[in-house]
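Enquirer: Enclosed is the structure file protein-v6.txt (compact mmCIF, C-alpha atoms and all ligand atoms).
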```
# COMPACT_ATOMS: atom_id res chain seq x y z
CA MET A 86 45.07 -98.42 -51.28
CA PRO A 87 47.74 -95.82 -52.19
CA THR A 88 50.14 -95.08 -49.33
CA ARG A 89 50.21 -91.65 -47.68
CA LEU A 90 52.91 -89.46 -49.21
CA GLU A 91 53.67 -85.72 -49.33
CA PRO A 92 50.52 -83.53 -49.26
CA LEU A 93 49.47 -82.43 -52.73
CA PRO A 94 47.97 -78.91 -52.87
CA ILE A 95 45.18 -78.03 -55.29
CA THR A 96 47.48 -75.40 -56.79
CA ARG A 97 50.84 -73.77 -56.08
CA PRO A 98 51.82 -70.24 -57.12
CA VAL A 99 55.17 -69.96 -58.92
CA PHE A 100 57.39 -67.45 -57.10
CA GLY A 101 61.16 -67.10 -57.38
CA ALA A 102 64.09 -64.73 -57.14
CA ARG A 103 62.59 -62.33 -59.69
CA GLU A 104 59.41 -61.83 -57.62
CA ARG A 105 61.52 -61.19 -54.50
CA GLU A 106 63.71 -58.74 -56.42
CA LEU A 107 60.87 -56.71 -57.91
CA ILE A 108 58.60 -56.60 -54.87
CA LEU A 109 61.37 -54.82 -52.95
CA LYS A 110 61.60 -52.01 -55.52
CA PRO A 111 58.53 -50.05 -54.35
CA LEU A 112 59.84 -50.35 -50.78
CA GLU A 113 63.15 -48.84 -51.91
CA THR A 114 61.54 -45.89 -53.72
CA GLY A 115 58.73 -45.48 -51.20
CA TRP A 116 56.07 -45.40 -53.96
CA VAL A 117 53.67 -48.18 -52.96
CA VAL A 118 50.25 -47.04 -54.25
CA GLN A 119 49.24 -47.52 -57.91
CA GLY A 120 52.21 -46.22 -59.87
CA PRO A 121 54.92 -47.20 -62.35
CA TYR A 122 54.85 -50.97 -61.68
CA VAL A 123 51.08 -51.15 -62.07
CA ALA A 124 51.43 -49.23 -65.35
CA ARG A 125 54.13 -51.65 -66.55
CA PHE A 126 52.05 -54.66 -65.48
CA GLU A 127 49.07 -53.25 -67.40
CA ARG A 128 51.13 -52.81 -70.58
CA MET A 129 52.41 -56.40 -70.36
CA PHE A 130 48.90 -57.74 -69.74
CA ALA A 131 47.44 -55.79 -72.67
CA ALA A 132 50.22 -57.05 -74.95
CA PHE A 133 49.69 -60.66 -73.89
CA THR A 134 45.92 -60.63 -74.33
CA GLY A 135 45.99 -58.48 -77.47
CA ALA A 136 43.74 -55.83 -75.91
CA ALA A 137 44.24 -52.12 -76.53
CA HIS A 138 43.85 -51.25 -72.83
CA ALA A 139 44.37 -53.07 -69.52
CA LEU A 140 43.38 -51.63 -66.13
CA ALA A 141 44.54 -53.18 -62.89
CA VAL A 142 42.00 -53.34 -60.08
CA SER A 143 41.91 -54.72 -56.54
CA SER A 144 40.14 -57.98 -57.55
CA CYS A 145 38.13 -59.55 -60.33
CA THR A 146 35.01 -58.91 -58.25
CA THR A 147 35.65 -55.16 -57.99
CA GLY A 148 36.62 -55.16 -61.67
CA LEU A 149 33.29 -56.72 -62.65
CA HIS A 150 31.44 -54.18 -60.52
CA LEU A 151 33.46 -51.31 -62.00
CA LEU A 152 32.77 -52.50 -65.54
CA LEU A 153 29.02 -53.04 -65.06
CA HIS A 154 28.74 -49.67 -63.30
CA ALA A 155 30.65 -47.97 -66.12
CA LEU A 156 28.32 -49.59 -68.65
CA GLY A 157 25.46 -47.84 -66.86
CA LEU A 158 23.78 -50.89 -65.30
CA ARG A 159 20.95 -49.67 -63.07
CA PRO A 160 18.17 -51.03 -60.81
CA GLY A 161 15.53 -52.72 -62.93
CA ASP A 162 18.04 -53.91 -65.54
CA GLU A 163 18.70 -57.60 -66.15
CA VAL A 164 21.91 -59.39 -67.06
CA ILE A 165 22.07 -62.99 -68.27
CA LEU A 166 24.84 -65.16 -66.79
CA PRO A 167 25.48 -68.85 -66.18
CA SER A 168 24.06 -70.52 -63.06
CA PHE A 169 27.30 -72.51 -62.60
CA THR A 170 29.99 -69.96 -61.74
CA TYR A 171 31.62 -68.46 -58.68
CA VAL A 172 29.15 -66.38 -56.63
CA ALA A 173 31.10 -63.16 -57.37
CA THR A 174 29.86 -63.13 -60.99
CA ALA A 175 26.25 -62.74 -59.88
CA ASN A 176 27.15 -60.51 -56.92
CA ALA A 177 28.63 -57.90 -59.27
CA VAL A 178 25.23 -57.57 -60.98
CA GLU A 179 23.50 -57.29 -57.59
CA TYR A 180 25.87 -54.48 -56.51
CA CYS A 181 24.39 -52.38 -59.35
CA GLY A 182 20.87 -53.10 -58.10
CA ALA A 183 20.25 -55.09 -61.28
CA ARG A 184 18.90 -58.63 -61.55
CA PRO A 185 21.07 -61.61 -62.46
CA VAL A 186 19.09 -63.90 -64.78
CA PHE A 187 20.57 -67.38 -64.76
CA GLY A 188 20.99 -69.58 -67.82
CA ASP A 189 22.03 -73.23 -67.68
CA ILE A 190 25.41 -74.52 -68.85
CA ASP A 191 26.58 -77.09 -71.34
CA LEU A 192 27.83 -79.86 -69.04
CA ALA A 193 30.58 -80.81 -71.51
CA THR A 194 32.30 -77.40 -71.25
CA PHE A 195 30.88 -76.09 -67.92
CA ASN A 196 30.15 -72.81 -69.79
CA LEU A 197 26.89 -70.95 -70.52
CA ASP A 198 24.85 -72.78 -73.15
CA PRO A 199 24.00 -70.22 -75.88
CA ALA A 200 20.86 -72.24 -76.67
CA ALA A 201 19.50 -71.29 -73.23
CA VAL A 202 20.06 -67.56 -73.64
CA GLU A 203 17.55 -66.29 -76.19
CA ALA A 204 14.51 -67.43 -74.17
CA LEU A 205 15.76 -65.40 -71.18
CA ILE A 206 15.82 -62.05 -73.00
CA THR A 207 13.18 -59.54 -71.88
CA PRO A 208 12.72 -55.81 -72.55
CA ARG A 209 14.78 -55.23 -69.37
CA THR A 210 17.80 -57.27 -70.50
CA ARG A 211 20.87 -55.07 -70.90
CA GLY A 212 23.60 -57.59 -71.47
CA ILE A 213 25.19 -61.03 -71.27
CA LEU A 214 27.91 -61.75 -68.73
CA ALA A 215 29.66 -64.83 -70.11
CA VAL A 216 32.07 -66.77 -67.89
CA SER A 217 35.09 -68.52 -69.38
CA LEU A 218 35.29 -71.08 -66.62
CA PHE A 219 38.33 -73.06 -65.49
CA GLY A 220 40.48 -71.73 -68.39
CA LEU A 221 38.17 -72.61 -71.29
CA ALA A 222 36.70 -69.70 -73.28
CA ALA A 223 32.90 -69.52 -73.35
CA ASP A 224 31.18 -69.87 -76.74
CA LEU A 225 31.79 -66.16 -77.37
CA PRO A 226 31.00 -66.18 -81.13
CA ALA A 227 27.49 -67.57 -80.51
CA LEU A 228 26.91 -65.24 -77.56
CA ALA A 229 28.20 -62.20 -79.50
CA ASP A 230 25.77 -63.04 -82.28
CA ILE A 231 22.81 -63.14 -79.84
CA ALA A 232 24.01 -59.93 -78.16
CA SER A 233 24.30 -58.01 -81.42
CA ARG A 234 20.93 -59.21 -82.71
CA HIS A 235 19.23 -57.99 -79.51
CA GLY A 236 21.26 -54.83 -78.90
CA LEU A 237 22.85 -56.18 -75.70
CA PHE A 238 26.37 -55.79 -74.37
CA LEU A 239 28.55 -58.89 -74.05
CA VAL A 240 31.18 -58.90 -71.30
CA GLU A 241 33.38 -61.73 -70.07
CA ASP A 242 34.13 -62.88 -66.56
CA ALA A 243 37.59 -64.12 -67.50
CA ALA A 244 38.63 -64.68 -63.85
CA CYS A 245 40.07 -68.09 -64.79
CA ALA A 246 40.83 -67.44 -68.46
CA LEU A 247 44.31 -65.94 -68.74
CA GLY A 248 45.96 -67.91 -71.56
CA ALA A 249 42.69 -69.29 -72.97
CA THR A 250 42.43 -69.04 -76.74
CA LEU A 251 39.69 -69.19 -79.32
CA ASP A 252 40.47 -69.56 -83.03
CA GLY A 253 44.14 -68.90 -82.32
CA ARG A 254 43.56 -65.59 -80.53
CA HIS A 255 43.38 -64.80 -76.85
CA THR A 256 39.85 -65.06 -75.41
CA GLY A 257 37.72 -61.92 -75.31
CA GLN A 258 36.53 -61.83 -78.93
CA GLY A 259 33.28 -59.94 -79.38
CA CYS A 260 33.27 -58.73 -75.75
CA VAL A 261 33.15 -55.08 -74.71
CA ALA A 262 35.58 -56.01 -71.94
CA SER A 263 36.99 -59.00 -70.04
CA VAL A 264 37.82 -59.13 -66.33
CA TYR A 265 40.59 -61.39 -64.97
CA SER A 266 41.39 -62.51 -61.43
CA LEU A 267 44.87 -62.49 -59.89
CA HIS A 268 43.90 -64.57 -56.85
CA PRO A 269 46.44 -67.30 -55.97
CA ARG A 270 44.29 -70.03 -57.54
CA LYS A 271 44.78 -68.39 -60.92
CA ALA A 272 47.66 -68.83 -63.41
CA ILE A 273 49.48 -65.77 -62.09
CA THR A 274 48.85 -63.97 -58.83
CA THR A 275 49.41 -60.71 -57.01
CA GLY A 276 47.88 -62.05 -53.78
CA GLU A 277 44.58 -60.35 -54.52
CA GLY A 278 44.01 -58.41 -57.72
CA GLY A 279 42.21 -58.17 -61.02
CA MET A 280 42.66 -56.82 -64.53
CA ILE A 281 40.12 -55.42 -66.98
CA THR A 282 40.93 -55.49 -70.69
CA THR A 283 39.06 -53.60 -73.39
CA ASP A 284 39.55 -52.13 -76.85
CA ASP A 285 37.15 -49.28 -76.06
CA ALA A 286 39.26 -46.19 -75.27
CA ALA A 287 36.37 -44.15 -73.83
CA LEU A 288 35.29 -47.00 -71.54
CA ALA A 289 38.90 -47.52 -70.40
CA GLU A 290 39.21 -43.82 -69.61
CA LEU A 291 35.95 -43.82 -67.65
CA MET A 292 36.92 -46.94 -65.65
CA ALA A 293 40.38 -45.49 -64.91
CA ARG A 294 38.71 -42.51 -63.24
CA LEU A 295 36.02 -44.58 -61.48
CA ARG A 296 38.58 -46.94 -59.90
CA ASN A 297 40.33 -43.91 -58.37
CA HIS A 298 37.45 -42.22 -56.49
CA GLY A 299 36.31 -40.55 -59.72
CA ALA A 300 39.36 -38.25 -59.69
CA GLU A 301 40.36 -36.62 -62.97
CA ALA A 302 44.08 -37.34 -62.26
CA THR A 303 45.93 -40.16 -60.48
CA ASP A 304 48.17 -39.61 -57.44
CA LEU A 305 51.23 -40.22 -59.62
CA GLU A 306 50.14 -37.69 -62.26
CA ARG A 307 49.51 -35.14 -59.53
CA HIS A 308 52.84 -35.94 -57.89
CA GLN A 309 54.70 -35.52 -61.17
CA SER A 310 52.91 -32.37 -62.32
CA GLN A 311 53.36 -28.76 -61.29
CA GLY A 312 50.67 -27.67 -58.86
CA GLY A 313 50.49 -31.05 -57.07
CA SER A 314 49.39 -29.29 -53.92
CA LEU A 315 45.88 -28.92 -55.31
CA LEU A 316 43.49 -31.87 -55.44
CA PRO A 317 42.14 -32.80 -58.89
CA ALA A 318 38.52 -32.38 -59.95
CA PHE A 319 36.00 -35.08 -58.93
CA ASN A 320 33.08 -35.14 -61.33
CA LEU A 321 31.97 -38.75 -60.84
CA LEU A 322 30.96 -40.95 -57.90
CA GLY A 323 33.94 -43.29 -57.93
CA PHE A 324 35.41 -46.12 -55.86
CA ASN A 325 38.80 -47.08 -54.49
CA TYR A 326 39.46 -50.22 -56.54
CA ARG A 327 43.18 -49.63 -57.15
CA LEU A 328 45.95 -52.23 -57.11
CA THR A 329 49.07 -51.30 -55.09
CA ASP A 330 52.47 -50.92 -56.73
CA LEU A 331 53.79 -53.76 -54.50
CA GLN A 332 51.27 -55.97 -56.28
CA GLY A 333 52.10 -54.32 -59.60
CA ALA A 334 55.77 -55.26 -59.15
CA LEU A 335 54.78 -58.85 -58.34
CA GLY A 336 52.54 -58.82 -61.41
CA VAL A 337 55.41 -57.77 -63.68
CA ALA A 338 57.55 -60.66 -62.42
CA GLN A 339 54.63 -63.07 -62.87
CA MET A 340 53.98 -61.87 -66.44
CA GLU A 341 57.63 -62.54 -67.30
CA ARG A 342 57.06 -66.24 -66.55
CA LEU A 343 53.48 -66.54 -67.78
CA ASP A 344 54.33 -68.57 -70.89
CA GLU A 345 56.34 -71.00 -68.77
CA ILE A 346 53.51 -71.31 -66.21
CA LEU A 347 50.88 -71.95 -68.88
CA ALA A 348 53.09 -74.52 -70.60
CA GLY A 349 53.60 -76.26 -67.25
CA ARG A 350 49.88 -76.37 -66.56
CA ARG A 351 49.14 -77.71 -70.05
CA ALA A 352 51.81 -80.39 -69.61
CA GLY A 353 50.22 -81.44 -66.30
CA ALA A 354 46.77 -81.54 -67.94
CA ALA A 355 48.13 -83.72 -70.75
CA VAL A 356 49.46 -86.19 -68.16
CA TYR A 357 46.02 -86.40 -66.51
CA ASN A 358 44.32 -86.77 -69.92
CA HIS A 359 46.62 -89.68 -70.70
CA LEU A 360 46.36 -91.36 -67.30
CA LEU A 361 42.57 -91.00 -67.25
CA SER A 362 42.05 -92.15 -70.84
CA SER A 363 41.23 -95.69 -69.75
CA THR A 364 39.17 -94.61 -66.73
CA TYR A 365 35.44 -94.34 -67.35
CA THR A 366 34.49 -93.15 -63.84
CA VAL A 367 35.14 -89.48 -64.68
CA ASP A 368 34.90 -87.25 -67.76
CA VAL A 369 38.06 -85.24 -68.42
CA PRO A 370 37.80 -81.53 -69.39
CA ALA A 371 36.56 -81.15 -72.97
CA VAL A 372 38.43 -78.95 -75.44
CA PRO A 373 36.16 -78.20 -78.42
CA ALA A 374 37.78 -77.68 -81.85
CA GLY A 375 39.30 -74.21 -82.17
CA TYR A 376 39.70 -73.73 -78.40
CA GLY A 377 42.95 -73.65 -76.40
CA HIS A 378 42.44 -74.59 -72.73
CA ALA A 379 44.52 -72.72 -70.15
CA TYR A 380 43.69 -75.22 -67.37
CA GLN A 381 43.30 -72.74 -64.53
CA SER A 382 41.66 -75.81 -62.97
CA TYR A 383 41.54 -79.39 -64.17
CA VAL A 384 37.90 -80.20 -63.49
CA THR A 385 36.52 -83.69 -64.04
CA LEU A 386 32.90 -84.85 -63.82
CA PHE A 387 32.23 -87.89 -61.65
CA ARG A 388 30.17 -90.58 -63.38
CA GLY A 389 30.18 -93.21 -60.66
CA PRO A 390 31.77 -96.67 -60.62
CA ARG A 391 29.76 -97.87 -63.63
CA GLY A 392 30.61 -94.81 -65.65
CA HIS A 393 27.17 -94.12 -67.07
CA LYS A 394 25.88 -90.68 -68.06
CA PRO A 395 24.70 -89.03 -64.82
CA GLY A 396 21.18 -87.66 -64.54
CA LEU A 397 18.98 -86.06 -61.89
CA GLY A 398 17.50 -89.48 -61.03
CA ASP A 399 20.71 -90.88 -59.58
CA LEU A 400 22.23 -87.56 -58.56
CA GLU A 401 21.79 -88.00 -54.82
CA GLU A 402 23.58 -91.36 -54.81
CA LEU A 403 26.37 -90.18 -57.13
CA ASN A 404 26.85 -87.02 -55.08
CA ARG A 405 27.24 -89.10 -51.91
CA GLN A 406 29.80 -91.30 -53.67
CA ARG A 407 31.73 -88.30 -55.01
CA ASN A 408 31.86 -86.70 -51.59
CA ARG A 409 33.17 -89.91 -49.98
CA LEU A 410 35.79 -90.22 -52.70
CA MET A 411 36.91 -86.62 -52.19
CA THR A 412 37.07 -87.17 -48.40
CA ALA A 413 39.27 -90.25 -48.93
CA MET A 414 41.59 -88.27 -51.21
CA GLU A 415 41.79 -85.40 -48.71
CA LYS A 416 42.63 -87.91 -45.96
CA ASP A 417 45.51 -89.12 -48.09
CA GLY A 418 46.79 -85.54 -48.43
CA ILE A 419 45.42 -84.93 -51.94
CA SER A 420 43.60 -81.58 -52.14
CA VAL A 421 40.53 -81.79 -54.34
CA ARG A 422 37.56 -79.44 -54.67
CA GLN A 423 34.15 -79.32 -56.28
CA GLY A 424 34.72 -77.26 -59.47
CA THR A 425 32.62 -74.28 -58.37
CA HIS A 426 29.02 -73.87 -57.27
CA ALA A 427 25.54 -73.62 -58.77
CA VAL A 428 24.82 -70.05 -57.72
CA HIS A 429 21.04 -70.47 -57.95
CA THR A 430 21.22 -73.01 -55.10
CA LEU A 431 22.99 -70.60 -52.72
CA GLY A 432 20.79 -69.20 -49.95
CA TYR A 433 20.89 -65.57 -51.04
CA TYR A 434 19.87 -66.22 -54.66
CA ALA A 435 17.49 -69.12 -54.02
CA GLY A 436 15.69 -67.04 -51.39
CA LYS A 437 15.61 -63.72 -53.22
CA TYR A 438 14.47 -65.11 -56.58
CA GLY A 439 12.55 -68.23 -55.45
CA LEU A 440 14.84 -70.63 -57.35
CA GLU A 441 14.82 -74.43 -57.01
CA PRO A 442 17.93 -76.61 -57.45
CA ALA A 443 16.42 -78.48 -60.43
CA ASP A 444 15.64 -75.22 -62.28
CA PHE A 445 19.09 -75.48 -63.89
CA PRO A 446 19.78 -79.23 -64.05
CA GLN A 447 23.16 -79.14 -65.82
CA SER A 448 24.49 -76.63 -63.29
CA LEU A 449 23.18 -78.80 -60.46
CA LEU A 450 24.94 -81.86 -61.89
CA ALA A 451 28.17 -79.87 -62.23
CA ASP A 452 27.89 -78.59 -58.65
CA ARG A 453 27.26 -82.05 -57.19
CA LEU A 454 29.57 -84.16 -59.38
CA SER A 455 32.58 -82.05 -60.38
CA ILE A 456 36.02 -82.78 -58.94
CA ALA A 457 38.95 -80.40 -59.49
CA LEU A 458 42.27 -82.24 -59.27
CA PRO A 459 45.61 -80.77 -58.09
CA LEU A 460 47.32 -78.94 -60.94
CA TYR A 461 50.18 -76.48 -61.14
CA ALA A 462 53.26 -75.84 -63.24
CA GLY A 463 55.88 -78.41 -62.32
CA ILE A 464 53.49 -80.98 -60.80
CA ASP A 465 55.22 -84.37 -60.59
CA PRO A 466 53.62 -86.96 -62.92
CA GLN A 467 54.11 -89.58 -60.20
CA ASP A 468 51.93 -87.50 -57.89
CA GLN A 469 49.36 -87.27 -60.66
CA ALA A 470 49.38 -91.08 -60.93
CA ARG A 471 48.65 -91.17 -57.18
CA VAL A 472 45.59 -88.96 -57.78
CA VAL A 473 44.39 -91.05 -60.71
CA ALA A 474 44.67 -94.27 -58.68
CA PHE A 475 41.74 -93.05 -56.56
CA LEU A 476 39.60 -92.30 -59.61
CA GLY A 477 40.19 -95.69 -61.22
CA HIS A 478 38.45 -97.58 -58.39
CA PRO A 479 36.25 -95.09 -56.54
CA GLU A 480 34.03 -97.86 -55.10
CA ARG A 481 36.81 -98.70 -52.61
CA TYR A 482 36.04 -95.48 -50.75
CA PHE A 483 32.21 -95.33 -50.67
C1 LIG B 1 34.43 -67.19 -62.33
C2 LIG B 1 34.94 -66.30 -61.25
N1 LIG B 1 34.54 -65.02 -61.19
C3 LIG B 1 34.99 -64.18 -60.25
C4 LIG B 1 35.88 -64.59 -59.27
C5 LIG B 1 36.34 -63.63 -58.23
O1 LIG B 1 37.68 -63.30 -58.34
P1 LIG B 1 38.42 -62.43 -57.23
O2 LIG B 1 38.70 -63.35 -56.08
O3 LIG B 1 39.67 -61.94 -57.88
O4 LIG B 1 37.51 -61.32 -56.85
C6 LIG B 1 36.35 -65.91 -59.30
C7 LIG B 1 37.30 -66.36 -58.29
O5 LIG B 1 37.56 -67.51 -58.09
C8 LIG B 1 35.87 -66.78 -60.30
O6 LIG B 1 36.27 -68.06 -60.36
```
Render the structure in this file as structure tokens.
Ligand SMILES: Cc1ncc(COP(=O)(O)O)c(C=O)c1O
Expert:
Amino acid sequence: MPTRLEPLPITRPVFGARERELILKPLETGWVVQGPYVARFERMFAAFTGAAHALAVSSCTTGLHLLLHALGLRPGDEVILPSFTYVATANAVEYCGARPVFGDIDLATFNLDPAAVEALITPRTRGILAVSLFGLAADLPALADIASRHGLFLVEDAACALGATLDGRHTGQGCVASVYSLHPRKAITTGEGGMITTDDAALAELMARLRNHGAEATDLERHQSQGGSLLPAFNLLGFNYRLTDLQGALGVAQMERLDEILAGRRAGAAVYNHLLSSTYTVDVPAVPAGYGHAYQSYVTLFRGPRGHKPGLGDLEELNRQRNRLMTAMEKDGISVRQGTHAVHTLGYYAGKYGLEPADFPQSLLADRLSIALPLYAGIDPQDQARVVAFLGHPERYF
């Protein structure tokens, strides 16, 4: 059994002198609400992702809500999304009073299976909310094709996808907009935060007003203009979904090191891929041809000690084994997590829509058998070997 060493976190944000330097700037000027640093952060984010516009928001969740609201999603509408994703994806649809319609995933990629989508389209379907999970872009070309043939919008929950590429370009192809998360489990972080990218100027303009109470001008514009003593016009029912300039300053510093962070994560993933290449007890994350994985998480699929293809028949036993293995790793100071959850099995959704766990079998398998391993830029390969030692002989811990 491996000996107990330093605790290994699931992830570790990269902060240094530059973050400390920039985060003090808003304190020095006194301008701490959305202002010049948020604007600079947005320009850097747009340049990195190749989008025409980037809008910072208070989280990916509020960004998804803002986007769906701006697209006019209303009660009675339906949106198709994967059943294996973080609960916030579906919640954003619920906030609009619309119905999330779940589609199963492809277990190899953990992303929405386009083959499942067409059968879910009804006269009430307004759009597809694809999720590029764990840093791997969803099959956006296939989904964009379905969307355009049926007159639907395609948007991307890109919470985990900063740095993900498809055919040599940053993810987001064919989508009206993509929404990123800046939570500390993501490649870069502002504590909490989100970013919406889009090429649609009118949509960007609408979302910029909606995130700021529906005001026709921002606080900074009002501050800098003559006649700042008068409040601007409010012609829309908006929200307060702004990011602070303290977070904007942190975001600028994080963007400056994004390439380095992504390279570090990819290097760590390559070490796991190598160390796990002779282990048949887990599947390593797939990277289909043409895709570049950003490894927001390194999520494996547990196959059990005999390494056979898991199915619903042996799921209960395999799930028990996976949980015991994860408990043993946690006891040894190695932080592991199930990848994310099958949203249709969560109480709110199962109850409201009468869903059964086996309704989406691939999502259920992913929920019960996935194991995310510790990964961050600068992870020590010797620590990774410690992690892999558990996976090589899981039966020791059942
Ligand atoms: C796929 C997905 N969507 C949405 C979210 C929500 O992001 P945030 O915490 O920034 O609201 C997450 C967060 O983990 C996520 O993984």
Enquirer: Could you give me, as CSV, a per-residue list for chain A showing, wherever an atom lies at most 7 Å from an atom of ligand LIG 1 (chain B), the closest pair of atoms and their distance in Å to one decimal, using only C-alpha atoms and all ligand atoms and sorting by chain then residue number from low to high?
Expert:
```
residue,atom,partner,partner_atom,distance
A:Ser144,CA,B:LIG1,O3,4.0
A:Cys145,CA,B:LIG1,O3,3.8
A:Thr146,CA,B:LIG1,O4,3.7
A:Thr147,CA,B:LIG1,O4,6.5
A:Thr170,CA,B:LIG1,C1,5.3
A:Tyr171,CA,B:LIG1,C2,4.7
A:Ala173,CA,B:LIG1,C3,4.9
A:Thr174,CA,B:LIG1,N1,5.1
A:Val216,CA,B:LIG1,C1,6.1
A:Leu218,CA,B:LIG1,C1,5.9
A:Asp242,CA,B:LIG1,N1,5.8
A:Ala243,CA,B:LIG1,C1,6.8
A:Ala244,CA,B:LIG1,C2,4.8
A:Cys245,CA,B:LIG1,O6,5.8
A:Ser266,CA,B:LIG1,O3,4.0
A:Leu267,CA,B:LIG1,O3,5.6
A:His268,CA,B:LIG1,O3,5.1
A:Glu277,CA,B:LIG1,O3,6.2
A:Gly278,CA,B:LIG1,O3,5.6
A:Gly279,CA,B:LIG1,O3,5.5
```
Enquirer: Now that the selection is made, can you save its residues with C-alpha atoms as a short mmCIF file (atom, residue, chain, number, x, y, z; two decimals), in the frame of the given file?
Expert:
```cif
data_model
loop_
_atom_site.label_atom_id
_atom_site.label_comp_id
_atom_site.auth_asym_id
_atom_site.auth_seq_id
_atom_site.Cartn_x
_atom_site.Cartn_y
_atom_site.Cartn_z
CA SER A 144 40.14 -57.98 -57.55
CA CYS A 145 38.13 -59.55 -60.33
CA THR A 146 35.01 -58.91 -58.25
CA THR A 147 35.65 -55.16 -57.99
CA THR A 170 29.99 -69.96 -61.74
CA TYR A 171 31.62 -68.46 -58.68
CA ALA A 173 31.10 -63.16 -57.37
CA THR A 174 29.86 -63.13 -60.99
CA VAL A 216 32.07 -66.77 -67.89
CA LEU A 218 35.29 -71.08 -66.62
CA ASP A 242 34.13 -62.88 -66.56
CA ALA A 243 37.59 -64.12 -67.50
CA ALA A 244 38.63 -64.68 -63.85
CA CYS A 245 40.07 -68.09 -64.79
CA SER A 266 41.39 -62.51 -61.43
CA LEU A 267 44.87 -62.49 -59.89
CA HIS A 268 43.90 -64.57 -56.85
CA GLU A 277 44.58 -60.35 -54.52
CA GLY A 278 44.01 -58.41 -57.72
CA GLY A 279 42.21 -58.17 -61.02
#
```
Enquirer: Would you mind listing, for every residue of range 360-423 of chain A within 12 Å of range 441-447 of chain A, the two atoms forming the shortest contact and the distance between them in Å to one decimal, using all atoms listed in the file, sorted by chain and ascending residue number, as a tab-separated table?
Expert:
```
residue	atom	partner	partner_atom	distance
A:Leu386	CA	A:Gln447	CA	11.5
A:Pro395	CA	A:Gln447	CA	10.1
A:Gly396	CA	A:Pro446	CA	8.6
A:Leu397	CA	A:Pro446	CA	7.2
A:Gly398	CA	A:Pro446	CA	10.9
A:Leu400	CA	A:Pro446	CA	10.3
```
Enquirer: Nearest residue to Asp465 in chain A out of A:Pro167, A:Pro94, A:Gly188, A:Pro269, using only C-alpha atoms?
Expert: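 Nearest candidate to Asp465 in chain A out of A:Pro167, A:Pro94, A:Gly188, A:Pro269: A:Pro94.
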Enquirer: What separation in Å, quoted to one decimal, exists between CA of Ile464 in chain A and CA of Ala348 in chain A?
Expert: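 These atoms are spaced 11.7 Å apart.
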Enquirer: For Glu480 in chain A, please output as a list in words all residues within 9 Å (counting all atoms listed in the file; exclusion window: fewer than 2 positions along the same chain).
Expert: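 What passes the distance filter is Gly389, Pro390, Gln406, Leu410, Gly477, His478, Tyr482 and Phe483 of chain A.
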Enquirer: Which distance in Å separates CA of Phe195 in chain A and CA of His359 in chain A, to one decimal?
Expert: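 About the pair CA of Phe195 in chain A and CA of His359 in chain A: they are 21.0 Å apart.
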Enquirer: One decimal, Å: what's the distance from CA of Leu460 in chain A over to CA of Leu225 in chain A, could you say?
Expert: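 Here the two named atoms are 26.0 Å from each other.
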Enquirer: Could you check the closest approach to Arg453 in chain A for each of A:Pro370, A:Asn196, A:Phe169, A:Asp330 and tell me which residue wins, using all atoms listed in the file?
Expert: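 Ranked by minimum distance to Arg453 in chain A, first place goes to A:Phe169.
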Enquirer: Enumerate, as a PyMOL selection string, the protein, DNA and RNA residues whose atoms approach (38.3, -71.1, -71.2) to within 10 Å, taking into account all atoms listed in the file and the coordinate frame of the file.
Expert: chain A and resi 194-196+216-224+243-251+255-256+372+376-381
Enquirer: I need the residue nearest Lys271 in chain A from this list: A:Lys416, A:Arg97, A:Arg407, A:Arg351. Use all atoms listed in the file for the distance.
Expert: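 The shortest atom-to-atom distance to Lys271 in chain A comes from A:Arg97.
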Enquirer: Select, from A:Val99, A:Leu328, A:Leu360, A:Ala155, the residue with the minimum atom-to-atom distance to Leu343 in chain A, counting only C-alpha atoms.
Expert: A:Val99
Enquirer: Please determine, counting only C-alpha atoms, which residue among A:Ala229, A:Met414, A:Leu192, A:Ile213 has the shortest atom-to-atom distance to Val369 in chain A.
Expert: A:Leu192
Enquirer: Hey, what's within 12 Å of Gly157 in chain A if we count all atoms listed in the file and toss same-chain stuff fewer than 4 positions away? As a list in words, please?
Expert: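 Surrounding residues, per the criterion: His150, Leu151, Leu152, Leu153, Gly161, Asp162, Glu163, Val178, Cys181, Gly182, Ala183, Arg211, Gly212, Phe238, Leu288, Leu291 and Met292 of chain A.
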Enquirer: Which of these residues is nearest to Ile206 in chain A, using all atoms listed in the file: A:Leu166, A:Leu93, A:Met411, A:Val240?
Expert: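 With all atoms listed in the file as the atom set, the closest residue is A:Leu166.
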Enquirer: Which neighbours of Gln119 in chain A fall inside 9 Å, counting all atoms listed in the file, when residues of the same chain fewer than 4 positions from it are skipped, and could you give them as a PDB file with C-alpha atoms, in the frame of the given file?
Expert:
```
ATOM      1  CA  VAL A 123      51.080 -51.150 -62.070  1.00  0.00           C
ATOM      2  CA  ALA A 124      51.430 -49.230 -65.350  1.00  0.00           C
ATOM      3  CA  ALA A 141      44.540 -53.180 -62.890  1.00  0.00           C
ATOM      4  CA  THR A 303      45.930 -40.160 -60.480  1.00  0.00           C
ATOM      5  CA  ASP A 304      48.170 -39.610 -57.440  1.00  0.00           C
ATOM      6  CA  LEU A 305      51.230 -40.220 -59.620  1.00  0.00           C
ATOM      7  CA  ARG A 327      43.180 -49.630 -57.150  1.00  0.00           C
ATOM      8  CA  LEU A 328      45.950 -52.230 -57.110  1.00  0.00           C
ATOM      9  CA  THR A 329      49.070 -51.300 -55.090  1.00  0.00           C
ATOM     10  CA  ASP A 330      52.470 -50.920 -56.730  1.00  0.00           C
ATOM     11  CA  LEU A 331      53.790 -53.760 -54.500  1.00  0.00           C
ATOM     12  CA  GLN A 332      51.270 -55.970 -56.280  1.00  0.00           C
ATOM     13  CA  GLY A 333      52.100 -54.320 -59.600  1.00  0.00           C
TER      14      GLY A 333
END
```
